[in-house]
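See below for work04.txt, which holds compact mmCIF, C-alpha atoms and all ligand atoms.
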```txt
# COMPACT_ATOMS: atom_id res chain seq x y z
CA MET A 19 0.00 0.00 0.00
CA ARG A 20 1.33 3.45 -0.92
CA THR A 21 1.13 6.05 1.81
CA ALA A 22 0.04 9.61 1.18
CA SER A 23 -1.27 10.73 4.56
CA VAL A 24 -1.34 9.90 8.26
CA SER A 25 -4.55 7.94 7.74
CA ASP A 26 -2.62 5.62 5.40
CA TYR A 27 -0.02 4.93 8.09
CA ARG A 28 -2.88 4.21 10.42
CA GLU A 29 -4.25 1.64 7.99
CA LEU A 30 -0.83 0.03 7.54
CA ALA A 31 -0.36 -0.14 11.30
CA ARG A 32 -3.80 -1.70 11.67
CA ARG A 33 -2.79 -4.48 9.29
CA ARG A 34 0.68 -5.08 10.69
CA LEU A 35 0.15 -4.85 14.44
CA PRO A 36 -1.57 -7.34 16.72
CA ASN A 37 -5.02 -6.04 17.52
CA ILE A 38 -4.20 -5.22 21.16
CA PHE A 39 -1.37 -2.88 20.17
CA PHE A 40 -3.27 -1.19 17.35
CA GLU A 41 -6.28 -0.56 19.57
CA TYR A 42 -4.00 0.75 22.32
CA ILE A 43 -2.63 3.43 19.98
CA ASP A 44 -5.83 4.22 18.17
CA GLY A 45 -8.27 4.39 21.05
CA GLY A 46 -9.30 7.01 23.55
CA SER A 47 -11.10 6.89 26.87
CA TYR A 48 -14.77 6.10 27.46
CA ALA A 49 -16.97 7.12 24.48
CA GLU A 50 -13.99 8.79 22.77
CA THR A 51 -15.84 12.09 22.51
CA THR A 52 -12.77 14.19 23.22
CA LEU A 53 -10.61 12.13 20.87
CA ALA A 54 -13.07 12.87 18.07
CA ARG A 55 -13.32 16.54 19.09
CA ASN A 56 -9.55 17.00 18.91
CA VAL A 57 -9.64 16.09 15.22
CA ALA A 58 -12.99 17.60 14.28
CA ASP A 59 -12.28 21.00 15.85
CA ILE A 60 -9.04 21.33 13.88
CA GLU A 61 -10.81 20.26 10.69
CA ALA A 62 -13.45 22.92 11.25
CA ILE A 63 -10.90 25.75 11.23
CA ALA A 64 -10.62 27.48 7.86
CA LEU A 65 -7.29 28.74 6.62
CA ARG A 66 -7.31 32.05 4.80
CA GLN A 67 -6.02 31.74 1.26
CA ARG A 68 -3.73 34.52 0.06
CA VAL A 69 -2.09 34.70 -3.34
CA MET A 70 0.54 36.59 -5.32
CA ARG A 71 3.00 37.22 -2.50
CA ASP A 72 6.56 36.10 -3.18
CA MET A 73 6.76 32.76 -1.40
CA SER A 74 10.04 31.60 -2.92
CA ARG A 75 11.75 31.45 0.48
CA LEU A 76 10.14 29.74 3.44
CA ASP A 77 11.46 29.61 6.98
CA MET A 78 9.98 26.82 9.07
CA ARG A 79 12.55 26.96 11.83
CA VAL A 80 11.47 27.67 15.35
CA GLU A 81 13.76 28.39 18.32
CA SER A 82 12.39 27.19 21.59
CA LEU A 83 13.89 26.36 24.99
CA GLY A 84 17.37 26.68 23.62
CA GLN A 85 16.69 24.27 20.77
CA THR A 86 16.16 24.71 17.07
CA PHE A 87 13.18 22.82 15.68
CA GLU A 88 13.68 22.43 11.92
CA MET A 89 9.90 22.49 11.73
CA PRO A 90 7.49 23.28 14.57
CA VAL A 91 6.65 19.67 15.37
CA GLY A 92 7.88 17.27 18.02
CA LEU A 93 7.20 13.61 18.74
CA ALA A 94 5.03 13.41 21.87
CA PRO A 95 5.70 10.73 24.47
CA VAL A 96 3.98 7.48 23.56
CA GLY A 97 4.13 4.65 26.08
CA MET A 98 5.26 1.20 24.99
CA ALA A 99 6.19 2.28 21.48
CA GLY A 100 8.76 -0.49 21.52
CA MET A 101 5.90 -2.97 21.10
CA ASN A 102 5.05 -1.47 17.69
CA ALA A 103 8.45 -1.99 16.09
CA ARG A 104 11.73 -3.49 17.24
CA ARG A 105 13.35 -1.14 19.82
CA GLY A 106 10.73 1.35 18.65
CA GLU A 107 11.77 4.32 20.76
CA VAL A 108 15.31 4.16 19.37
CA GLN A 109 13.93 4.12 15.83
CA ALA A 110 11.67 7.09 16.57
CA ALA A 111 14.50 9.04 18.18
CA ARG A 112 16.64 8.51 15.09
CA ALA A 113 13.89 9.65 12.74
CA ALA A 114 13.29 12.76 14.84
CA ALA A 115 16.99 13.60 15.00
CA ALA A 116 17.29 13.22 11.22
CA ALA A 117 14.37 15.62 10.77
CA GLY A 118 15.88 18.06 13.29
CA ILE A 119 12.95 17.93 15.72
CA PRO A 120 12.65 16.80 19.34
CA PHE A 121 11.61 13.36 20.42
CA CYS A 122 10.08 13.10 23.88
CA LEU A 123 10.63 9.72 25.50
CA SER A 124 7.78 8.36 27.63
CA SER A 125 8.65 7.18 31.12
CA VAL A 126 6.79 3.97 30.25
CA SER A 127 8.86 3.22 27.17
CA VAL A 128 10.21 -0.21 26.26
CA CYS A 129 13.73 1.13 25.62
CA PRO A 130 15.35 2.68 28.69
CA ILE A 131 16.54 6.31 28.66
CA GLU A 132 20.17 5.28 28.31
CA GLU A 133 19.54 3.09 25.26
CA VAL A 134 17.70 5.89 23.45
CA ALA A 135 20.28 8.53 24.36
CA ALA A 136 23.12 6.29 23.24
CA ALA A 137 21.52 5.97 19.80
CA GLY A 138 22.23 9.63 19.00
CA THR A 139 20.53 12.77 20.26
CA PRO A 140 19.36 12.58 23.90
CA PRO A 141 15.56 12.79 23.98
CA TRP A 142 13.33 15.07 26.00
CA PHE A 143 12.21 13.00 28.97
CA GLN A 144 8.59 12.68 30.07
CA LEU A 145 7.83 11.93 33.68
CA TYR A 146 4.69 10.77 35.44
CA VAL A 147 4.26 11.44 39.14
CA LEU A 148 4.84 8.25 41.08
CA LYS A 149 4.15 7.62 44.75
CA ASP A 150 7.77 6.59 45.16
CA ARG A 151 9.39 10.03 45.03
CA GLY A 152 12.79 8.47 45.71
CA PHE A 153 12.51 6.52 42.48
CA MET A 154 11.38 9.64 40.63
CA ARG A 155 14.51 11.42 41.81
CA GLU A 156 16.56 8.50 40.56
CA LEU A 157 14.83 8.64 37.17
CA LEU A 158 15.43 12.37 36.89
CA ALA A 159 19.09 11.88 37.74
CA ARG A 160 19.33 9.21 35.04
CA ALA A 161 17.67 11.48 32.47
CA LYS A 162 20.07 14.23 33.37
CA ALA A 163 23.09 11.94 33.21
CA ALA A 164 21.90 10.75 29.78
CA GLY A 165 21.89 14.38 28.57
CA CYS A 166 18.12 14.87 28.20
CA PRO A 167 17.67 18.62 27.57
CA VAL A 168 14.03 19.11 28.64
CA LEU A 169 11.69 17.50 31.16
CA ALA A 170 8.04 17.06 30.17
CA PHE A 171 6.12 16.71 33.42
CA THR A 172 2.78 15.05 32.68
CA VAL A 173 0.07 16.31 35.02
CA ASP A 174 -3.13 14.92 33.49
CA LEU A 175 -2.71 11.33 34.61
CA PRO A 176 -2.94 11.20 38.40
CA THR A 177 -5.15 8.20 37.72
CA PRO A 178 -5.82 6.42 34.42
CA GLY A 179 -9.10 6.94 32.58
CA SER A 180 -10.84 3.81 31.36
CA ARG A 181 -10.21 2.85 27.76
CA TYR A 182 -12.97 0.56 26.63
CA ARG A 183 -11.04 -0.65 23.59
CA ASP A 184 -8.18 -1.88 25.78
CA ILE A 185 -10.59 -3.87 27.89
CA ARG A 186 -12.32 -5.35 24.84
CA SER A 187 -9.04 -6.21 23.12
CA GLY A 188 -7.66 -7.91 26.22
CA PHE A 189 -4.88 -5.35 26.65
CA THR A 190 -6.10 -4.64 30.17
CA GLY A 191 -7.96 -6.83 32.56
CA SER A 192 -7.47 -10.14 30.79
CA SER A 193 -5.47 -12.73 32.59
CA GLY A 194 -5.12 -16.46 32.93
CA LEU A 195 -5.26 -18.98 30.12
CA SER A 196 -7.84 -17.24 27.96
CA GLY A 197 -5.87 -13.98 28.10
CA ALA A 198 -2.64 -15.77 27.18
CA LEU A 199 -4.30 -17.65 24.31
CA ASN A 200 -5.89 -14.50 23.02
CA THR A 201 -2.52 -12.71 23.04
CA ALA A 202 -0.73 -15.65 21.43
CA TRP A 203 -3.31 -15.88 18.63
CA ASP A 204 -3.05 -12.12 18.06
CA GLY A 205 0.71 -12.53 17.63
CA ILE A 206 0.65 -15.64 15.44
CA THR A 207 -1.73 -13.98 13.00
CA HIS A 208 0.76 -11.10 12.55
CA PRO A 209 3.98 -12.90 11.55
CA ALA A 210 5.92 -9.82 10.38
CA TRP A 211 5.37 -8.22 13.78
CA MET A 212 6.23 -11.51 15.53
CA TRP A 213 9.61 -11.66 13.82
CA ASP A 214 10.39 -7.97 14.18
CA VAL A 215 9.20 -7.29 17.73
CA TRP A 216 8.49 -10.53 19.52
CA VAL A 217 11.62 -12.33 18.38
CA ARG A 218 14.14 -9.57 17.66
CA GLY A 219 12.82 -6.71 19.79
CA ARG A 220 13.51 -8.03 23.27
CA PRO A 221 13.61 -7.37 26.17
CA HIS A 222 9.95 -6.44 26.46
CA THR A 223 10.04 -4.57 29.73
CA LEU A 224 9.23 -1.00 30.64
CA GLY A 225 12.89 -0.11 30.21
CA SER A 226 13.30 2.96 32.42
CA VAL A 227 10.97 1.84 35.22
CA ALA A 228 11.49 -1.93 34.98
CA SER A 229 13.19 -2.09 38.36
CA VAL A 230 10.02 -1.00 40.17
CA VAL A 231 7.42 -2.73 37.98
CA THR A 232 8.32 -6.03 39.54
CA ASP A 233 4.85 -7.51 39.84
CA SER A 234 3.95 -7.41 36.12
CA ARG A 235 4.45 -10.55 34.12
CA ARG A 236 3.64 -8.98 30.78
CA VAL A 237 4.54 -5.54 29.53
CA THR A 238 0.82 -4.90 29.04
CA ASP A 239 0.25 -5.30 32.78
CA TYR A 240 1.65 -1.85 33.31
CA LEU A 241 -1.74 -0.11 33.30
CA SER A 242 -2.63 -1.80 36.56
CA TRP A 243 0.77 -0.77 37.91
CA ILE A 244 -0.02 2.82 36.92
CA ALA A 245 -3.34 2.65 38.73
CA ARG A 246 -1.56 1.56 41.90
CA ASN A 247 1.52 3.75 41.72
CA PHE A 248 0.57 7.03 40.14
CA ASP A 249 -0.02 9.70 42.70
CA ARG A 250 -3.25 11.62 43.12
CA SER A 251 -1.86 13.81 45.89
CA VAL A 252 0.37 15.74 43.48
CA THR A 253 0.17 19.56 43.55
CA TRP A 254 2.09 22.45 41.98
CA LYS A 255 4.33 22.39 45.05
CA ASP A 256 5.83 19.15 43.75
CA LEU A 257 7.53 21.16 41.05
CA ASP A 258 9.74 22.62 43.80
CA TRP A 259 11.46 19.35 44.62
CA VAL A 260 11.53 18.35 40.95
CA ARG A 261 13.51 21.50 40.37
CA GLU A 262 15.95 20.55 43.13
CA VAL A 263 16.90 17.51 41.09
CA TRP A 264 16.30 18.88 37.61
CA ASP A 265 17.95 22.17 36.70
CA GLY A 266 16.91 22.16 33.02
CA PRO A 267 13.68 23.48 31.47
CA ILE A 268 10.41 21.95 32.67
CA VAL A 269 7.41 21.68 30.36
CA VAL A 270 4.11 20.90 32.07
CA LYS A 271 2.14 18.54 29.85
CA GLY A 272 -1.63 18.27 30.07
CA VAL A 273 -3.00 21.77 30.69
CA LEU A 274 -6.43 22.65 29.32
CA ASP A 275 -7.53 25.49 31.55
CA VAL A 276 -6.33 29.10 31.68
CA GLU A 277 -6.16 29.10 35.49
CA ASP A 278 -3.96 25.99 35.45
CA ALA A 279 -1.77 27.64 32.83
CA ARG A 280 -1.32 30.62 35.16
CA ASP A 281 -0.45 28.22 37.98
CA ALA A 282 2.15 26.59 35.75
CA VAL A 283 3.75 30.01 35.27
CA ARG A 284 3.66 30.69 39.03
CA ALA A 285 5.21 27.28 39.65
CA GLY A 286 8.13 28.30 37.46
CA ALA A 287 7.59 26.09 34.40
CA GLN A 288 9.38 27.14 31.24
CA GLY A 289 6.73 25.66 28.97
CA LEU A 290 3.40 23.89 28.87
CA ILE A 291 1.64 21.60 26.47
CA VAL A 292 -2.04 22.30 25.98
CA SER A 293 -3.24 18.72 25.92
CA ASN A 294 -5.96 16.32 26.98
CA HIS A 295 -3.65 13.33 26.55
CA GLY A 296 -4.97 12.70 23.07
CA GLY A 297 -8.50 12.11 24.40
CA ARG A 298 -7.24 9.25 26.55
CA GLN A 299 -8.05 10.65 29.98
CA LEU A 300 -11.12 12.69 30.93
CA ASP A 301 -13.54 12.12 28.10
CA GLY A 302 -15.92 14.99 27.43
CA VAL A 303 -13.37 17.75 28.01
CA ARG A 304 -12.80 20.28 25.27
CA SER A 305 -10.42 19.76 22.40
CA SER A 306 -6.84 20.95 22.75
CA ILE A 307 -7.14 23.29 19.79
CA SER A 308 -10.19 25.01 21.30
CA ALA A 309 -8.34 25.53 24.59
CA LEU A 310 -5.22 26.87 22.91
CA PRO A 311 -6.04 30.52 22.02
CA ALA A 312 -7.08 31.63 25.51
CA ILE A 313 -4.09 29.91 27.11
CA ALA A 314 -1.66 31.33 24.57
CA GLN A 315 -3.08 34.77 25.13
CA ALA A 316 -2.93 34.50 28.92
CA VAL A 317 0.57 33.06 29.34
CA GLY A 318 2.24 33.02 25.93
CA SER A 319 4.59 35.81 26.90
CA ASP A 320 5.59 34.06 30.16
CA LEU A 321 6.46 30.59 28.90
CA GLU A 322 6.53 28.43 25.77
CA VAL A 323 3.06 27.27 24.79
CA TYR A 324 2.89 24.05 22.80
CA MET A 325 -0.12 21.94 21.96
CA ASP A 326 -0.93 18.36 21.04
CA GLY A 327 -4.07 16.44 20.15
CA GLY A 328 -5.57 15.82 16.74
CA ILE A 329 -2.66 16.96 14.57
CA ARG A 330 -2.84 14.79 11.48
CA SER A 331 -1.28 16.96 8.75
CA GLY A 332 1.01 19.88 8.05
CA LEU A 333 -2.06 22.03 7.48
CA ASP A 334 -3.11 21.28 11.07
CA VAL A 335 0.32 22.38 12.27
CA LEU A 336 -0.14 25.81 10.71
CA LYS A 337 -3.59 26.16 12.27
CA ALA A 338 -2.14 25.46 15.73
CA LEU A 339 0.60 28.04 15.19
CA ALA A 340 -1.94 30.57 13.98
CA LEU A 341 -3.82 30.08 17.25
CA GLY A 342 -0.77 30.72 19.39
CA ALA A 343 1.29 27.54 19.69
CA ARG A 344 5.06 27.83 19.38
CA ALA A 345 5.09 24.25 18.07
CA CYS A 346 2.89 21.20 18.24
CA PHE A 347 3.48 17.62 19.20
CA ILE A 348 2.14 14.53 17.47
CA GLY A 349 1.32 11.27 19.21
CA ARG A 350 -0.70 8.85 17.11
CA ALA A 351 0.73 10.10 13.82
CA TRP A 352 4.21 8.82 14.66
CA ALA A 353 2.97 5.77 16.55
CA TYR A 354 1.02 4.66 13.45
CA ALA A 355 4.05 5.24 11.22
CA LEU A 356 6.28 3.29 13.58
CA GLY A 357 3.82 0.40 13.60
CA ALA A 358 3.57 0.63 9.81
CA GLY A 359 7.29 0.17 9.27
CA GLY A 360 9.68 1.65 11.80
CA GLU A 361 12.11 4.53 11.41
CA ALA A 362 11.83 4.74 7.62
CA LYS A 363 8.08 5.20 7.77
CA ILE A 364 8.34 7.86 10.51
CA ALA A 365 10.89 9.68 8.34
CA ARG A 366 8.49 9.59 5.40
CA MET A 367 5.54 10.68 7.46
CA LEU A 368 7.55 13.65 8.79
CA ALA A 369 8.61 14.55 5.25
CA THR A 370 4.93 14.53 4.30
CA LEU A 371 4.03 16.82 7.22
CA ARG A 372 6.82 19.16 6.16
CA ALA A 373 5.64 19.26 2.54
CA GLU A 374 2.07 19.89 3.65
CA LEU A 375 3.18 22.67 5.97
CA ALA A 376 5.09 24.27 3.10
CA VAL A 377 1.97 24.30 0.92
CA ALA A 378 -0.08 25.75 3.76
CA MET A 379 2.50 28.49 4.31
CA ILE A 380 2.70 29.37 0.61
CA LEU A 381 -1.05 29.56 0.16
CA THR A 382 -1.67 31.60 3.28
CA GLY A 383 1.16 33.98 2.47
CA CYS A 384 3.16 33.07 5.57
CA ALA A 385 6.82 32.89 4.58
CA ASN A 386 8.16 32.80 8.10
CA LEU A 387 6.54 30.87 10.92
CA ARG A 388 7.62 33.49 13.44
CA ASP A 389 4.92 35.66 11.85
CA ALA A 390 2.15 33.06 12.06
CA GLY A 391 -0.91 34.51 13.76
CA ALA A 392 -4.68 34.70 13.65
CA GLU A 393 -4.58 36.57 10.32
CA LEU A 394 -3.83 33.19 8.67
CA LEU A 395 -7.33 32.04 9.54
CA ASP A 396 -10.56 32.80 7.73
CA ARG A 397 -13.06 33.65 10.39
CA ALA A 398 -15.61 35.28 8.10
CA ASP A 399 -17.99 32.34 8.46
C1 LIG A 401 -0.51 5.09 22.43
C2 LIG A 401 -0.31 6.34 23.23
C3 LIG A 401 0.48 6.31 24.36
C4 LIG A 401 0.72 7.49 25.09
N1 LIG A 401 1.57 7.46 26.16
C5 LIG A 401 1.86 8.61 26.81
C6 LIG A 401 2.83 8.62 27.85
O1 LIG A 401 3.44 7.61 28.16
N2 LIG A 401 3.06 9.80 28.48
C7 LIG A 401 2.41 10.97 28.14
O2 LIG A 401 2.65 12.01 28.74
N3 LIG A 401 1.50 10.97 27.13
C8 LIG A 401 1.23 9.83 26.46
N4 LIG A 401 0.34 9.85 25.42
C9 LIG A 401 -0.28 11.13 25.01
C10 LIG A 401 0.57 11.80 23.94
O3 LIG A 401 1.80 12.23 24.47
C11 LIG A 401 -0.14 13.01 23.31
O4 LIG A 401 -0.58 13.85 24.34
C12 LIG A 401 -1.33 12.62 22.42
O5 LIG A 401 -1.08 11.42 21.74
C13 LIG A 401 -1.62 13.73 21.42
O6 LIG A 401 -2.73 13.42 20.64
P1 LIG A 401 -2.65 12.78 19.17
O7 LIG A 401 -2.40 11.32 19.36
O8 LIG A 401 -3.99 13.07 18.61
O9 LIG A 401 -1.51 13.43 18.43
C14 LIG A 401 0.10 8.69 24.69
C15 LIG A 401 -0.70 8.71 23.53
C16 LIG A 401 -0.89 7.56 22.81
C17 LIG A 401 -1.73 7.62 21.57
```
Take the structure in the file and write it out as structure tokens.
Amino acid sequence: MRTASVSDYRELARRRLPNIFFEYIDGGSYAETTLARNVADIEAIALRQRVMRDMSRLDMRVESLGQTFEMPVGLAPVGMAGMNARRGEVQAARAAAAAGIPFCLSSVSVCPIEEVAAAGTPPWFQLYVLKDRGFMRELLARAKAAGCPVLAFTVDLPTPGSRYRDIRSGFTGSSGLSGALNTAWDGITHPAWMWDVWVRGRPHTLGSVASVVTDSRRVTDYLSWIARNFDRSVTWKDLDWVREVWDGPIVVKGVLDVEDARDAVRAGAQGLIVSNHGGRQLDGVRSSISALPAIAQAVGSDLEVYMDGGIRSGLDVLKALALGARACFIGRAWAYALGAGGEAKIARMLATLRAELAVAMILTGCANLRDAGAELLDRAD
């Protein structure tokens, strides 16, 4: 199958991956209302076409938190990506480095921080809040030692939302013989994945946190570990001790409300990601793109405002920038591409996003992304 768009990588991933892993990427929480909103609300935004303005030179570069993004896109943290392709996080990190954009490593990745950093450019590191603060300090020290430049501190998962698809697929909650048989059949019926990931992609542990996830027999058991070990008592004060251990920039990931954005500024964050976890947490909340303008307006001059959720093309990237994001992050788009065929497919998908962004810039008359603003949007209707 030839791939033209993110939806094609999705289809390829659907064919190549065992059902439990495809559904894990593709799904959202509960009725998936917010997941759908993230995409639909971006689709509903109209770009404003402008013509006859010399567009022979385009500048897509963005400087942010001391880094140069060759285009205003980063790879968002995606847990267990190493189950989609052999040593998947390493492959994604390489593709991102080649494209000159950041890769943010999930704290529940298959490849540990050190393995990903050793493969080239140290990734941004994403951290969840765990009850065991001592272990969190250890993880932060490891990320620092590995050279990770930025910490993404995820605040929208003090407890996991329920994902119906994961229950139906057997990803969560299935155990015993029927669960094992179900998983085995899922693998056997996807031989390319079996050879790539099951045989050659070991070890299948949660690399960076494996030493504390001692009671999980399968990598997929980690959701129950999250439910037991993630910490609901977390407050903005926790950023104080994080800062004692982490002296680099901190980006708070998972802000949807202007008041929370102001709190993130007061807590000393250098950036935030407007995000609802890709519609995987509190279903029914607003889309990221609809939350973005007010947050960017309120705190955009105090810290870096990024967004994620529903970005499926380069045109979407420009819309997010027009509404105030410095850059956006993609989750499913790269996870599908990885599942479709590893690093090479992520590289191609990123090249597609870049080409689409170029067309959007040319036809809105935006030669330099530093100038992207609301005037790129057609709000007449
Ligand atoms: C399969 C999957 C796993 C994810 N795992 C994590 C994670 O480990 N940590 C985190 O902060 N966000 C995680 N997210 C959320 C993403 O970082 C991001 O917020 C979301 O995917 C953006 O929406 P999009 O998929 O529509 O681009 C995950 C998302 C997906 C789809």
Ligand LIG 401 (chain A): which residues are within 9 Å, counting all atoms listed in the file? Reply as a ChimeraX atom specification. /A:39-46,53,56-57,93-99,122-127,144-146,170-175,271-272,291-298,306,325-330,346-353
Record the distance separating CA of Thr207 in chain A and CA of Pro36 in chain A, expressed in Å with one decimal.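 CA of Pro36 in chain A lies 7.6 Å from CA of Thr207 in chain A.
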Report, in Å with one decimal, the straight-line distance from CA of Asp281 in chain A to CA of Ile268 in chain A. 13.6 Å
Two-atom distance - CA of Ser23 in chain A, CA of Met367 in chain A (Å): 7.4 Å
Which residues come within 9 Å of Ala373 in chain A, counting all atoms listed in the file, excluding same-chain residues fewer than 5 positions away, as a VMD selection string? chain A and resid 332 368 378
Output C-alpha atoms for every residue in the selection just made, as a short mmCIF file (atom, residue, chain, number, x, y, z; two decimals), keeping the file's coordinate frame.
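Output saved as result-v7.cif:
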```cif
data_model
loop_
_atom_site.label_atom_id
_atom_site.label_comp_id
_atom_site.auth_asym_id
_atom_site.auth_seq_id
_atom_site.Cartn_x
_atom_site.Cartn_y
_atom_site.Cartn_z
CA GLY A 332 1.01 19.88 8.05
CA LEU A 368 7.55 13.65 8.79
CA ALA A 378 -0.08 25.75 3.76
#
```
Which of these residues is nearest to Ala369 in chain A, using all atoms listed in the file: A:Gln315, A:Ala355, A:Met212, A:Ala163?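 Under the stated criterion, the closest residue is A:Ala355.
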Within 12 Å of Ala362 in chain A, counting only C-alpha atoms, which residues qualify if same-chain residues fewer than 3 places away don't, as a PyMOL selection string? chain A and resi 27+103+106+109-114+116-117+352+355-359+365-369
Save the residues we just selected, C-alpha atoms, as a CSV table (one decimal), in the coordinates of the input?
```csv
chain,number,residue,atom,x,y,z
A,27,TYR,CA,0.0,4.9,8.1
A,103,ALA,CA,8.4,-2.0,16.1
A,106,GLY,CA,10.7,1.4,18.6
A,109,GLN,CA,13.9,4.1,15.8
A,110,ALA,CA,11.7,7.1,16.6
A,111,ALA,CA,14.5,9.0,18.2
A,112,ARG,CA,16.6,8.5,15.1
A,113,ALA,CA,13.9,9.6,12.7
A,114,ALA,CA,13.3,12.8,14.8
A,116,ALA,CA,17.3,13.2,11.2
A,117,ALA,CA,14.4,15.6,10.8
A,352,TRP,CA,4.2,8.8,14.7
A,355,ALA,CA,4.0,5.2,11.2
A,356,LEU,CA,6.3,3.3,13.6
A,357,GLY,CA,3.8,0.4,13.6
A,358,ALA,CA,3.6,0.6,9.8
A,359,GLY,CA,7.3,0.2,9.3
A,365,ALA,CA,10.9,9.7,8.3
A,366,ARG,CA,8.5,9.6,5.4
A,367,MET,CA,5.5,10.7,7.5
A,368,LEU,CA,7.6,13.6,8.8
A,369,ALA,CA,8.6,14.6,5.2
```
Which of these, A:Ile119, A:Ile244, A:Leu321, A:Met78, has the shortest distance to Gly92 in chain A once you count all atoms listed in the file?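 Looking only at the distances to Gly92 in chain A, the closest residue turns out to be A:Ile119.
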Residues near Gly118 in chain A, anyone? I mean within 9 Å using all atoms listed in the file, not counting same-chain ones fewer than 3 positions away, as a ChimeraX atom specification. /A:86-89,113-115
Please produce an output containing C-alpha atoms for each residue in the selection, written as a compact mmCIF listing (two decimals), in the frame of the given file.
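Result written to result-v6.txt:
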```
# COMPACT_ATOMS: atom_id res chain seq x y z
CA THR A 86 16.16 24.71 17.07
CA PHE A 87 13.18 22.82 15.68
CA GLU A 88 13.68 22.43 11.92
CA MET A 89 9.90 22.49 11.73
CA ALA A 113 13.89 9.65 12.74
CA ALA A 114 13.29 12.76 14.84
CA ALA A 115 16.99 13.60 15.00
```
Surrounding residues of Leu158 in chain A excluding itself and chain neighbours under 2 positions, 12 Å, only C-alpha atoms, as a PyMOL selection string: chain A and resi 125+131+142-147+151-156+160-171+226-227+259-266+268
Around all listed atoms of range 299-314 of chain A, padded 5 Å per side, what centre and edge lengths does the axis-aligned box have in Å to one decimal, as AutoDock Vina command-line options?
```
--center_x -8.8 --center_y 21.1 --center_z 25.4 --size_x 24.3 --size_y 31.0 --size_z 21.1
```
